[in-house]
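Student: Have a peek at start02.txt (compact mmCIF, C-alpha atoms and all ligand atoms).
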```txt
# COMPACT_ATOMS: atom_id res chain seq x y z
CA MET G 29 -21.16 -65.73 -39.18
CA HIS G 30 -17.63 -64.42 -39.44
CA LEU G 31 -14.61 -66.73 -39.25
CA LEU G 32 -13.30 -64.82 -36.26
CA ASP G 33 -16.54 -65.42 -34.37
CA LEU G 34 -15.51 -69.04 -33.94
CA PRO G 35 -14.04 -69.96 -30.55
CA SER G 36 -10.25 -69.83 -30.68
CA GLU G 37 -9.85 -73.59 -29.93
CA LEU G 38 -11.82 -74.27 -33.07
CA LEU G 39 -9.81 -71.74 -35.09
CA ILE G 40 -6.57 -73.33 -33.91
CA ALA G 41 -7.88 -76.75 -34.89
CA LEU G 42 -8.69 -75.37 -38.36
CA LEU G 43 -5.29 -73.73 -38.68
CA SER G 44 -3.58 -77.01 -37.84
CA TYR G 45 -4.80 -78.38 -41.17
CA LEU G 46 -2.94 -75.71 -43.12
CA SER G 47 0.48 -76.22 -44.64
CA ALA G 48 3.34 -74.21 -43.19
CA ARG G 49 3.27 -71.99 -46.24
CA ASP G 50 -0.44 -71.20 -45.86
CA LEU G 51 -0.06 -70.74 -42.14
CA ALA G 52 2.61 -68.12 -42.83
CA LYS G 53 0.20 -66.34 -45.20
CA VAL G 54 -2.57 -66.33 -42.58
CA CYS G 55 -0.07 -64.65 -40.26
CA GLN G 56 -0.20 -61.60 -42.50
CA THR G 57 -3.97 -61.12 -42.50
CA CYS G 58 -5.01 -59.62 -39.15
CA ILE G 59 -3.74 -59.36 -35.60
CA CYS G 60 -6.11 -61.96 -34.26
CA LEU G 61 -5.20 -64.63 -36.83
CA ARG G 62 -1.57 -63.60 -36.66
CA ASN G 63 -1.47 -64.32 -32.94
CA LEU G 64 -3.20 -67.64 -33.39
CA SER G 65 -1.13 -68.81 -36.32
CA ARG G 66 2.08 -67.99 -34.47
CA LEU G 67 1.15 -70.38 -31.68
CA ASP G 68 4.10 -72.64 -31.08
CA THR G 69 1.96 -75.74 -30.64
CA LEU G 70 1.00 -75.38 -34.32
CA TRP G 71 4.63 -75.00 -35.37
CA ARG G 72 5.68 -77.91 -33.22
CA GLN G 73 3.33 -80.06 -35.31
CA LYS G 74 4.80 -78.63 -38.51
CA CYS G 75 8.40 -79.24 -37.38
CA ARG G 76 7.51 -82.80 -36.51
CA LYS G 77 5.46 -83.59 -39.58
CA ASP G 78 7.48 -81.83 -42.28
CA TYR G 79 11.03 -82.27 -40.96
CA LYS G 80 10.83 -84.89 -38.22
CA LEU G 81 12.17 -82.53 -35.56
CA LYS G 82 10.85 -83.96 -32.31
CA SER G 83 12.02 -81.41 -29.75
CA ASN G 84 13.30 -77.85 -29.60
CA LYS G 85 14.90 -78.52 -26.24
CA SER G 86 18.53 -77.56 -26.90
CA TRP G 87 17.79 -75.03 -29.62
CA ASN G 88 16.86 -72.17 -27.25
CA ALA G 89 14.31 -71.05 -29.81
CA SER G 90 10.62 -71.41 -30.57
CA TYR G 91 9.40 -73.98 -33.08
CA PHE G 92 8.28 -71.08 -35.26
CA GLU G 93 11.81 -69.67 -35.33
CA ILE G 94 13.39 -73.04 -36.00
CA TYR G 95 10.94 -73.74 -38.79
CA SER G 96 11.11 -70.38 -40.48
CA LYS G 97 14.82 -69.65 -40.06
CA VAL G 98 16.41 -73.08 -40.34
CA LEU G 99 14.17 -75.87 -41.55
CA VAL G 100 12.58 -74.09 -44.51
CA LYS G 101 16.04 -73.67 -45.98
CA TYR G 102 18.05 -76.60 -44.60
CA GLY G 103 15.50 -79.16 -43.37
CA THR G 104 15.68 -81.20 -46.58
CA LEU G 105 19.22 -82.19 -45.62
CA ILE G 106 17.97 -84.44 -42.80
CA GLY G 107 18.51 -88.13 -43.54
CA ALA G 108 21.12 -90.52 -44.91
CA TRP G 109 22.90 -89.84 -48.19
CA LYS G 110 25.43 -91.43 -50.47
CA THR G 111 27.69 -89.76 -52.97
CA MET G 112 29.18 -91.13 -56.15
CA MET G 113 31.30 -88.16 -57.21
CA ASN G 114 34.28 -90.43 -57.74
CA CYS G 115 35.03 -94.13 -57.50
CA TYR G 116 35.36 -93.96 -53.70
CA GLY G 117 31.78 -92.84 -53.07
CA GLY G 118 30.78 -92.12 -49.50
CA LEU G 119 28.10 -92.29 -46.82
CA PHE G 120 26.70 -89.22 -45.07
CA ASN G 121 24.18 -88.78 -42.31
CA VAL G 122 22.42 -85.57 -41.35
CA THR G 123 20.72 -85.46 -37.96
CA TYR G 124 19.45 -83.10 -35.30
CA CYS G 125 22.09 -82.98 -32.60
CA LEU G 126 22.12 -80.70 -29.55
CA GLY G 127 20.27 -77.78 -31.07
CA GLN G 128 21.79 -77.95 -34.51
CA ILE G 129 21.64 -79.80 -37.80
CA LEU G 130 24.81 -81.86 -37.98
CA VAL G 131 26.23 -83.22 -41.25
CA GLU G 132 28.64 -86.10 -40.78
CA GLU G 133 30.51 -88.47 -43.04
CA TYR G 134 30.71 -92.11 -42.02
CA PHE G 135 33.83 -94.20 -42.64
CA ALA G 136 34.72 -97.80 -42.14
CA THR G 137 37.85 -98.30 -40.10
CA LYS G 138 40.56 -100.94 -40.50
CA TYR G 139 38.65 -103.76 -38.93
CA ILE G 140 35.21 -104.73 -40.09
CA GLN G 141 34.28 -105.65 -36.50
CA ASP G 142 34.67 -102.00 -35.43
CA ASN G 143 31.90 -99.45 -35.45
CA LEU G 144 31.91 -96.93 -38.26
CA LYS G 145 33.74 -93.72 -37.55
CA SER G 146 31.85 -90.48 -38.05
CA VAL G 147 33.58 -87.24 -38.92
CA PRO G 148 31.60 -83.98 -38.63
CA TRP G 149 31.55 -81.95 -41.84
CA PHE G 150 29.42 -78.91 -41.10
CA SER G 151 26.63 -77.77 -38.80
CA ILE G 152 23.71 -75.36 -38.95
CA SER G 153 22.45 -73.71 -35.79
CA LEU G 154 20.45 -70.65 -34.79
CA GLU G 155 22.55 -67.79 -33.49
CA ASP G 156 21.06 -64.40 -32.68
CA GLY G 157 17.93 -65.44 -34.51
CA GLU G 158 19.73 -66.34 -37.74
CA ALA G 159 20.72 -69.67 -39.27
CA THR G 160 24.47 -70.02 -38.95
CA VAL G 161 26.61 -72.47 -40.93
CA LYS G 162 29.91 -73.65 -39.49
CA CYS G 163 32.56 -75.76 -41.18
CA LEU G 164 33.80 -78.35 -38.72
CA GLN G 165 36.88 -79.42 -40.66
CA GLY G 166 40.31 -78.03 -41.28
CA PHE G 167 42.81 -76.46 -39.01
CA ASP G 168 40.88 -73.63 -37.47
CA GLN G 169 37.60 -75.29 -36.55
CA PRO G 170 34.80 -74.47 -36.34
CA HIS G 171 34.92 -71.59 -38.78
CA PRO G 172 32.05 -69.72 -40.40
CA GLY G 173 30.73 -70.86 -43.74
CA ASP G 174 27.79 -70.86 -46.04
CA VAL G 175 26.11 -73.77 -47.73
CA LYS G 176 24.29 -73.73 -51.02
CA PHE G 177 22.46 -76.63 -52.49
CA ASP G 178 20.65 -77.37 -55.68
CA GLN G 179 18.11 -80.09 -56.04
CA GLU G 180 17.84 -81.95 -59.24
CA GLU G 181 15.10 -84.34 -60.10
CA VAL G 182 16.32 -87.66 -61.40
CA ALA G 183 14.30 -90.71 -62.45
CA ASP G 184 10.92 -91.56 -60.85
CA GLY G 185 10.51 -88.56 -58.60
CA ARG G 186 13.81 -89.04 -56.78
CA HIS G 187 16.14 -86.14 -56.18
CA THR G 188 19.83 -85.63 -55.90
CA MET G 189 21.29 -82.66 -54.14
CA THR G 190 24.52 -80.84 -54.86
CA THR G 191 25.85 -79.44 -51.62
CA ASN G 192 28.40 -76.72 -51.82
CA LEU G 193 30.05 -75.65 -48.58
CA ILE G 194 31.75 -72.31 -48.84
CA CYS G 195 34.22 -71.60 -46.08
CA LEU G 196 34.74 -68.04 -45.06
CA SER G 197 38.18 -68.83 -43.71
CA SER G 198 40.46 -70.75 -45.98
CA HIS G 199 41.71 -74.21 -45.15
CA GLN G 200 45.34 -74.76 -44.42
CA GLU G 201 47.14 -76.49 -47.26
CA VAL G 202 47.43 -80.15 -46.32
CA ASN G 203 50.35 -81.91 -47.94
CA GLU G 204 51.74 -85.38 -47.51
CA ASP G 205 54.18 -84.31 -44.79
CA SER G 206 51.34 -83.12 -42.61
CA VAL G 207 50.22 -84.81 -39.42
CA GLU G 208 46.72 -84.98 -40.88
CA PHE G 209 47.90 -87.06 -43.86
CA GLN G 210 50.02 -89.34 -41.70
CA ARG G 211 47.14 -89.92 -39.33
CA TRP G 212 44.80 -90.66 -42.22
CA MET G 213 47.28 -93.14 -43.75
CA GLU G 214 47.64 -94.90 -40.44
CA GLN G 215 43.89 -95.22 -40.15
CA GLU G 216 43.38 -96.55 -43.70
CA LYS G 217 46.30 -98.95 -43.82
CA VAL G 218 45.57 -102.64 -43.46
CA LYS G 219 47.53 -105.71 -44.38
CA GLY G 220 47.55 -105.75 -48.17
CA THR G 221 46.70 -102.10 -48.88
CA ILE G 222 49.03 -100.37 -51.31
CA PRO G 223 50.37 -96.94 -50.24
CA GLU G 224 50.23 -95.63 -53.81
CA LEU G 225 46.49 -96.40 -54.02
CA LEU G 226 45.90 -94.68 -50.71
CA ARG G 227 47.73 -91.58 -51.97
CA ILE G 228 45.43 -91.42 -55.02
CA LYS G 229 42.43 -91.73 -52.75
CA TRP G 230 43.69 -88.98 -50.47
CA GLN G 231 44.12 -86.58 -53.40
CA LEU G 232 40.67 -87.27 -54.85
CA ILE G 233 38.68 -87.04 -51.65
CA ARG G 234 40.60 -83.95 -50.52
CA ASN G 235 39.79 -82.01 -53.66
CA GLN G 236 36.12 -82.75 -53.61
CA LYS G 237 35.44 -82.32 -49.94
CA HIS G 238 33.52 -79.05 -50.18
CA GLN G 239 31.26 -79.81 -53.09
CA LEU G 240 29.36 -83.05 -53.16
CA LYS G 241 26.54 -84.49 -55.16
CA LEU G 242 24.38 -86.48 -52.76
CA SER G 243 21.58 -88.93 -53.44
CA PRO G 244 19.23 -90.27 -50.77
CA LEU G 245 20.36 -93.59 -49.36
CA ALA G 246 17.36 -95.84 -49.76
CA LEU G 247 17.13 -98.91 -47.57
CA PRO G 248 15.50 -101.84 -49.33
CA PRO G 249 12.33 -103.17 -47.67
CA LEU G 250 12.93 -105.51 -44.72
CA THR G 251 12.80 -109.19 -45.52
CA PRO G 252 11.91 -111.23 -42.44
CA ASP G 253 11.12 -114.41 -44.37
CA ARG G 254 14.32 -114.53 -46.41
CA ILE G 255 17.68 -116.07 -45.65
CA ILE G 256 19.27 -112.78 -44.58
CA GLN G 257 17.88 -109.36 -43.80
CA THR G 258 18.65 -106.45 -46.18
CA GLY G 259 20.91 -103.67 -44.91
CA LEU G 260 24.35 -102.11 -44.83
CA PHE G 261 27.55 -104.15 -44.43
CA LYS G 262 31.27 -103.55 -44.10
CA GLY G 263 33.49 -105.81 -46.18
CA SER G 264 37.23 -106.46 -46.46
CA TYR G 265 38.50 -105.70 -49.97
CA SER G 266 42.14 -106.71 -49.88
CA ALA G 267 44.35 -103.96 -51.35
CA HIS G 268 41.54 -101.42 -51.09
CA GLY G 269 40.81 -101.86 -47.40
CA THR G 270 37.28 -101.84 -45.97
CA GLU G 271 34.30 -100.91 -48.12
CA LEU G 272 30.60 -100.32 -47.40
CA LEU G 273 27.89 -102.23 -49.24
CA MET G 274 24.12 -102.49 -49.37
CA LEU G 275 22.55 -105.95 -49.36
CA SER G 276 19.30 -106.15 -51.31
CA TYR G 277 17.28 -108.73 -53.26
CA SER G 278 16.50 -108.85 -56.94
CA GLU G 279 12.85 -108.35 -57.86
CA GLU G 280 12.07 -112.07 -58.10
CA ALA G 281 14.17 -112.63 -54.93
CA HIS G 282 16.31 -115.22 -56.71
CA GLU G 283 19.41 -113.17 -56.16
CA ILE G 284 21.13 -111.18 -53.45
CA HIS G 285 22.88 -108.05 -54.69
CA LEU G 286 25.76 -106.47 -52.83
CA THR G 287 25.99 -102.91 -54.12
CA LYS G 288 28.95 -100.71 -53.28
CA ILE G 289 28.25 -97.58 -51.26
CA THR G 290 31.98 -96.96 -51.16
CA GLY G 291 34.23 -98.28 -53.89
CA ASP G 292 37.73 -98.22 -55.31
CA PRO G 293 39.54 -97.47 -58.60
CA ASN G 294 38.89 -101.01 -59.85
CA VAL G 295 35.18 -101.39 -59.12
CA PRO G 296 33.67 -98.01 -58.20
CA ALA G 297 30.88 -97.04 -55.80
CA GLY G 298 27.42 -97.67 -57.21
CA GLU G 299 28.38 -100.95 -58.89
CA VAL G 300 27.21 -104.37 -57.79
CA SER G 301 30.18 -106.20 -56.29
CA VAL G 302 28.60 -109.62 -55.81
CA TYR G 303 25.50 -111.39 -57.15
CA VAL G 304 24.45 -114.41 -55.08
CA ASP G 305 22.40 -117.03 -56.91
CA LEU G 306 19.92 -118.31 -54.34
CA ARG G 307 18.81 -121.05 -56.71
CA ARG G 308 22.20 -122.68 -56.43
CA PRO G 309 22.98 -123.66 -52.84
CA MET G 310 25.59 -126.30 -52.13
CA ILE G 311 26.54 -128.50 -49.23
CA LEU G 312 30.23 -129.32 -49.00
CA ASN G 313 32.33 -131.38 -46.66
CA ARG G 314 35.70 -130.33 -45.26
CA GLU G 315 37.77 -132.31 -47.79
CA GLN G 316 36.09 -130.62 -50.74
CA GLN G 317 37.09 -127.24 -49.34
CA GLU G 318 40.79 -127.93 -48.88
CA SER G 319 41.77 -127.03 -52.41
CA LEU G 320 40.60 -124.16 -54.60
CA GLN G 321 40.85 -126.41 -57.63
CA THR G 322 38.29 -128.83 -56.22
CA LEU G 323 36.02 -125.93 -55.33
CA ARG G 324 36.26 -124.46 -58.84
CA ASP G 325 35.09 -127.77 -60.29
CA ILE G 326 32.00 -127.94 -58.12
CA ASP G 327 28.91 -127.25 -60.13
CA THR G 328 25.44 -127.56 -58.68
CA PRO G 329 22.35 -127.49 -60.83
CA ASP G 330 19.54 -124.99 -60.34
CA LEU G 331 17.12 -125.87 -57.58
CA PRO G 332 14.24 -128.20 -58.29
CA PRO G 333 10.92 -126.29 -58.33
CA GLU G 334 9.75 -127.96 -55.11
CA PHE G 335 12.52 -126.26 -53.09
CA ASP G 336 10.76 -124.13 -50.48
CA GLY G 337 13.79 -122.32 -49.06
CA ASN G 338 13.54 -124.12 -45.73
CA MET G 339 16.09 -126.82 -46.39
CA ASN G 340 18.77 -127.08 -43.72
CA LEU G 341 21.95 -125.96 -45.45
CA SER G 342 24.28 -125.81 -42.45
CA GLN G 343 27.65 -127.40 -43.13
CA PRO G 344 31.33 -127.36 -42.19
CA PHE G 345 33.48 -124.47 -43.35
CA ILE G 346 37.21 -123.92 -43.87
CA VAL G 347 39.21 -121.41 -45.91
CA PRO G 348 41.25 -123.30 -48.56
CA SER G 349 44.95 -123.37 -47.73
CA GLN G 350 45.95 -121.45 -50.90
CA CYS G 351 43.90 -118.43 -49.85
CA GLU G 352 45.69 -115.52 -48.26
CA GLU G 353 45.01 -115.28 -44.55
CA ARG G 354 43.60 -111.96 -43.53
CA GLU G 355 43.53 -110.61 -40.01
CA ASP G 356 39.75 -110.36 -40.18
CA CYS G 357 39.48 -114.01 -41.12
CA LYS G 358 41.21 -115.50 -38.13
CA ASP G 359 38.93 -117.36 -35.72
CA LEU G 360 36.27 -117.94 -38.34
CA PRO G 361 33.44 -120.26 -37.36
CA LYS G 362 33.94 -123.92 -38.25
CA TYR G 363 30.40 -124.14 -39.57
CA CYS G 364 28.29 -121.95 -41.81
CA LYS G 365 24.52 -121.74 -42.19
CA ALA G 366 24.46 -121.85 -45.97
CA ARG G 367 26.66 -121.65 -49.04
CA TYR G 368 25.70 -120.51 -52.56
CA HIS G 369 27.30 -119.97 -55.92
CA SER G 370 27.86 -116.30 -56.59
CA LYS G 371 29.56 -114.00 -59.07
CA GLY G 372 31.92 -111.21 -58.14
CA GLN G 373 32.73 -108.21 -60.25
CA ILE G 374 36.38 -107.58 -61.04
CA ALA G 375 37.96 -104.94 -63.27
CA ALA G 376 41.30 -103.39 -64.12
CA PHE G 377 42.30 -99.99 -62.73
CA GLY G 378 39.85 -97.30 -63.85
CA TYR G 379 36.97 -99.82 -64.11
CA GLN G 380 38.35 -101.15 -67.36
CA ASN G 381 37.25 -104.48 -68.80
CA PRO G 382 34.84 -105.35 -66.00
CA SER G 383 33.92 -109.02 -65.82
CA PHE G 384 32.47 -111.53 -63.41
CA SER G 385 34.39 -114.27 -61.69
CA ASN G 386 32.95 -117.27 -59.92
CA ASN G 387 32.89 -117.23 -56.19
CA HIS G 388 31.05 -118.68 -53.22
CA TRP G 389 28.84 -116.74 -50.83
CA VAL G 390 29.07 -118.19 -47.32
CA MET G 391 26.57 -117.17 -44.66
CA PHE G 392 27.60 -117.53 -41.02
CA SER G 393 24.81 -115.62 -39.31
CA GLU G 394 22.27 -112.86 -39.85
CA ASP G 395 25.11 -110.36 -39.40
CA VAL G 396 28.18 -112.06 -40.85
CA PHE G 397 28.91 -113.59 -44.24
CA GLY G 398 31.93 -114.17 -46.44
CA VAL G 399 32.82 -114.30 -50.12
CA LEU G 400 35.39 -116.78 -51.37
CA TRP G 401 36.92 -115.36 -54.56
CA LEU G 402 37.94 -118.57 -56.33
CA ASP G 403 40.08 -116.84 -58.96
CA LEU G 404 41.60 -114.22 -56.68
CA TYR G 405 42.75 -116.68 -54.01
CA SER G 406 41.11 -114.61 -51.32
CA PHE G 407 38.32 -114.67 -48.79
CA SER G 408 36.47 -111.47 -47.83
CA LEU G 409 34.47 -111.19 -44.64
CA PHE G 410 31.42 -108.91 -44.25
CA ASN G 411 29.86 -107.59 -41.06
CA ARG G 412 26.50 -105.89 -40.64
CA ILE G 413 26.60 -102.17 -39.83
CA LYS G 414 24.86 -101.63 -36.51
CA GLU G 415 24.62 -97.85 -36.65
CA GLU G 416 21.14 -96.66 -37.44
CA PHE G 417 20.63 -94.32 -40.32
CA LYS G 418 17.42 -92.38 -40.68
CA ILE G 419 16.65 -93.67 -44.10
CA GLU G 420 13.10 -92.34 -44.32
CA ASN G 421 14.45 -88.98 -45.41
CA ASN G 422 13.32 -88.08 -48.91
CA LEU G 423 12.05 -84.83 -47.49
CA CYS G 424 13.18 -83.34 -50.78
CA HIS G 425 9.70 -83.14 -52.28
CA LEU G 426 8.64 -80.51 -49.77
CA GLN G 427 10.76 -77.75 -51.19
CA THR G 428 9.54 -78.18 -54.69
CA SER G 429 5.84 -78.12 -53.80
ZN ZN X 501 36.05 -75.00 -43.92
```
Now that the file is in, can you turn its structure into structure tokens?
Ligand SMILES: [Zn+2]

Tutor:
Amino acid sequence: MHLLDLPSELLIALLSYLSARDLAKVCQTCICLRNLSRLDTLWRQKCRKDYKLKSNKSWNASYFEIYSKVLVKYGTLIGAWKTMMNCYGGLFNVTYCLGQILVEEYFATKYIQDNLKSVPWFSISLEDGEATVKCLQGFDQPHPGDVKFDQEEVADGRHTMTTNLICLSSHQEVNEDSVEFQRWMEQEKVKGTIPELLRIKWQLIRNQKHQLKLSPLALPPLTPDRIIQTGLFKGSYSAHGTELLMLSYSEEAHEIHLTKITGDPNVPAGEVSVYVDLRRPMILNREQQESLQTLRDIDTPDLPPEFDGNMNLSQPFIVPSQCEEREDCKDLPKYCKARYHSKGQIAAFGYQNPSFSNNHWVMFSEDVFGVLWLDLYSFSLFNRIKEEFKIENNLCHLQTS
């Protein structure tokens, strides 16, 4: 019996087991198989399975076209990414949006209570049957561009990607007199930020805008039975403004790690900002919290082995009077759910002489916690990021197979 003697439903079912690459090869064999392997229902499955594209609704194109013209080349971009090209780092998200692949950078704004701000970087759509890249930044936007990326395998099968956006129309020179710079300064400035530091940041992020090394942003596994769920947070970092951090647990779950997704010239992106020692909770009264000196002297021993993590640790909370008052920290709750010893990383400009200083990690709720920097006379507040990032990207492996 010949393969083509099979009923077409059966042939289609067989074809659905093939990879996109093999399906494309079958296309080239004979007219009958070509017609069957071009069926859009098959390519819809491929788009969904390989690149998580759920609908071709606003693309005005068949799934076959989207797969072969756009996704084969650019589909690996889909997902959340971080960059650590310089100390400031950055968070990027690539999604399907209204018939295009949209690459956006996410920023924290002045106030940690606010939603993140997203700024489009470039898009890829299908125009006249061809993938078309458009730069969405600069003066004359959108303007045509091209994007090249190289994948590089790093440790344990993970990949980084260097994305190079080439604009076919040059960007207007943006200097410090420009409206764009003024607007950016206004947006970054908070009480305590230093204009000189902001100027350095502006220069660095400007120069590297079009070429970025991205690594997949991996979300640690969810932790329903632990004191606080893993995830992304915004935190107030005094002179440096708002920064983005990832909360995760150490392997033995004795520690919480707050790792910087965005950083600053003192402690850069990628470094752990705070280690919380979950074996050293404390319960303090109001009087003990009035002075930083008293707080510095408090030392609690490691937990006894019988501690099961279910002890009620709720207690009063106040910010010591010597601490600088930050706008974010007004109207803080009078009680917290738990308080632990922690260590915070500090360093001189340029990440010189990094060291750890004692501080207290104060949890108010599942979404809000604070860090009292005992030696820096300051209290930082952190708020959970509510935006959802498609973290299950790691589509990278597909291209290399
Ligand atoms: Zn451009």

Student: Between atom CA of G:Lys101 and atom CA of G:Gln165, what is the distance in Å, rounded to a tenth?

Tutor: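 Atom-to-atom, atom CA of G:Lys101 and atom CA of G:Gln165 are spaced 22.3 Å apart.
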
Student: Neighbours of ligand ZN 501 (chain X) at 9 Å or closer, counting only C-alpha atoms and all ligand atoms: which residues, as a list in words?

Tutor: Trp149, Phe150, Lys162, Cys163, Leu164, Gln165, Gly166, Phe167, Asp168, Gln169, Pro170, His171, Pro172, Gly173, Leu193, Ile194, Cys195, Leu196, Ser197, Ser198, His199 and His238 of chain G

Student: With all atoms listed in the file as the atoms that count, which of G:Asp78, G:Asp359, G:Asp142, G:Glu216 lies nearest to G:Tyr95?

Tutor: G:Asp78

Student: Using all atoms listed in the file, which residue out of G:Ser276, G:Leu400, G:Leu226, G:Val347 lies closest to G:Leu247?

Tutor: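 Nearest candidate to G:Leu247 out of G:Ser276, G:Leu400, G:Leu226, G:Val347: G:Ser276.
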
Student: Of the candidates G:Ile346, G:Met391, G:Val175, G:Met113, which one gets nearest to G:Leu240 if we count only C-alpha atoms?

Tutor: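 Of all the options, G:Met113 lies closest to G:Leu240.
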
Student: One number please: atom CA of G:Tyr124 to atom CA of G:Pro148, in Å, one decimal.

Tutor: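 It comes out at 12.6 Å.
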
Student: Would you pick out the contacts of stretch 65-73 of chain G at 7 Å or less, using all atoms listed in the file, so that residues sharing its chain but fewer than 3 positions from it are not included, and give the list as a compact mmCIF listing (two decimals) with C-alpha atoms, in the coordinates of the input?

Tutor:
```txt
# COMPACT_ATOMS: atom_id res chain seq x y z
CA LEU G 43 -5.29 -73.73 -38.68
CA SER G 44 -3.58 -77.01 -37.84
CA LEU G 51 -0.06 -70.74 -42.14
CA VAL G 54 -2.57 -66.33 -42.58
CA CYS G 55 -0.07 -64.65 -40.26
CA LEU G 61 -5.20 -64.63 -36.83
CA ARG G 62 -1.57 -63.60 -36.66
CA ARG G 76 7.51 -82.80 -36.51
CA LYS G 77 5.46 -83.59 -39.58
CA SER G 90 10.62 -71.41 -30.57
CA TYR G 91 9.40 -73.98 -33.08
CA PHE G 92 8.28 -71.08 -35.26
```

Student: Leaving out G:His369 and any residue of its chain fewer than 4 positions from it, which residues lie within 9 Å of it when counting all atoms listed in the file, given as an MDAnalysis selection string?

Tutor: chainID G and resid 303:310 327:328 386:390

Student: Can you pull out the residues contacting stretch 394-397 of chain G? Cut-off 8 Å, using only C-alpha atoms, and skip same-chain residues under 4 positions away; I want them as a PyMOL selection string.

Tutor: chain G and resi 256-257+389-390+409-412

Student: Using C-alpha atoms, can you export the residues from the last selection as a PDB file, in the coordinates of the input?

Tutor:
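Here's the written file result-v8.pdb:
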```pdb
ATOM      1  CA  ILE G 256      19.270-112.780 -44.580  1.00  0.00           C
ATOM      2  CA  GLN G 257      17.880-109.360 -43.800  1.00  0.00           C
ATOM      3  CA  TRP G 389      28.840-116.740 -50.830  1.00  0.00           C
ATOM      4  CA  VAL G 390      29.070-118.190 -47.320  1.00  0.00           C
ATOM      5  CA  LEU G 409      34.470-111.190 -44.640  1.00  0.00           C
ATOM      6  CA  PHE G 410      31.420-108.910 -44.250  1.00  0.00           C
ATOM      7  CA  ASN G 411      29.860-107.590 -41.060  1.00  0.00           C
ATOM      8  CA  ARG G 412      26.500-105.890 -40.640  1.00  0.00           C
TER       9      ARG G 412
END
```

Student: So how far away is atom CA of G:Cys58 from atom CA of G:Ile40, in Å?

Tutor: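 About the pair atom CA of G:Ile40 and atom CA of G:Cys58: they are 14.8 Å apart.
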
Student: Select, from G:Glu93, G:Glu299, G:Glu208, G:Glu415, the residue with the minimum atom-to-atom distance to G:Lys145, counting all atoms listed in the file.

Tutor: G:Glu415

Student: Which residue out of G:Gln141, G:Val302, G:Pro244, G:Phe407 has the minimum interatomic distance to G:Thr111 when only C-alpha atoms are used?

Tutor: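 Of all the options, G:Pro244 lies closest to G:Thr111.
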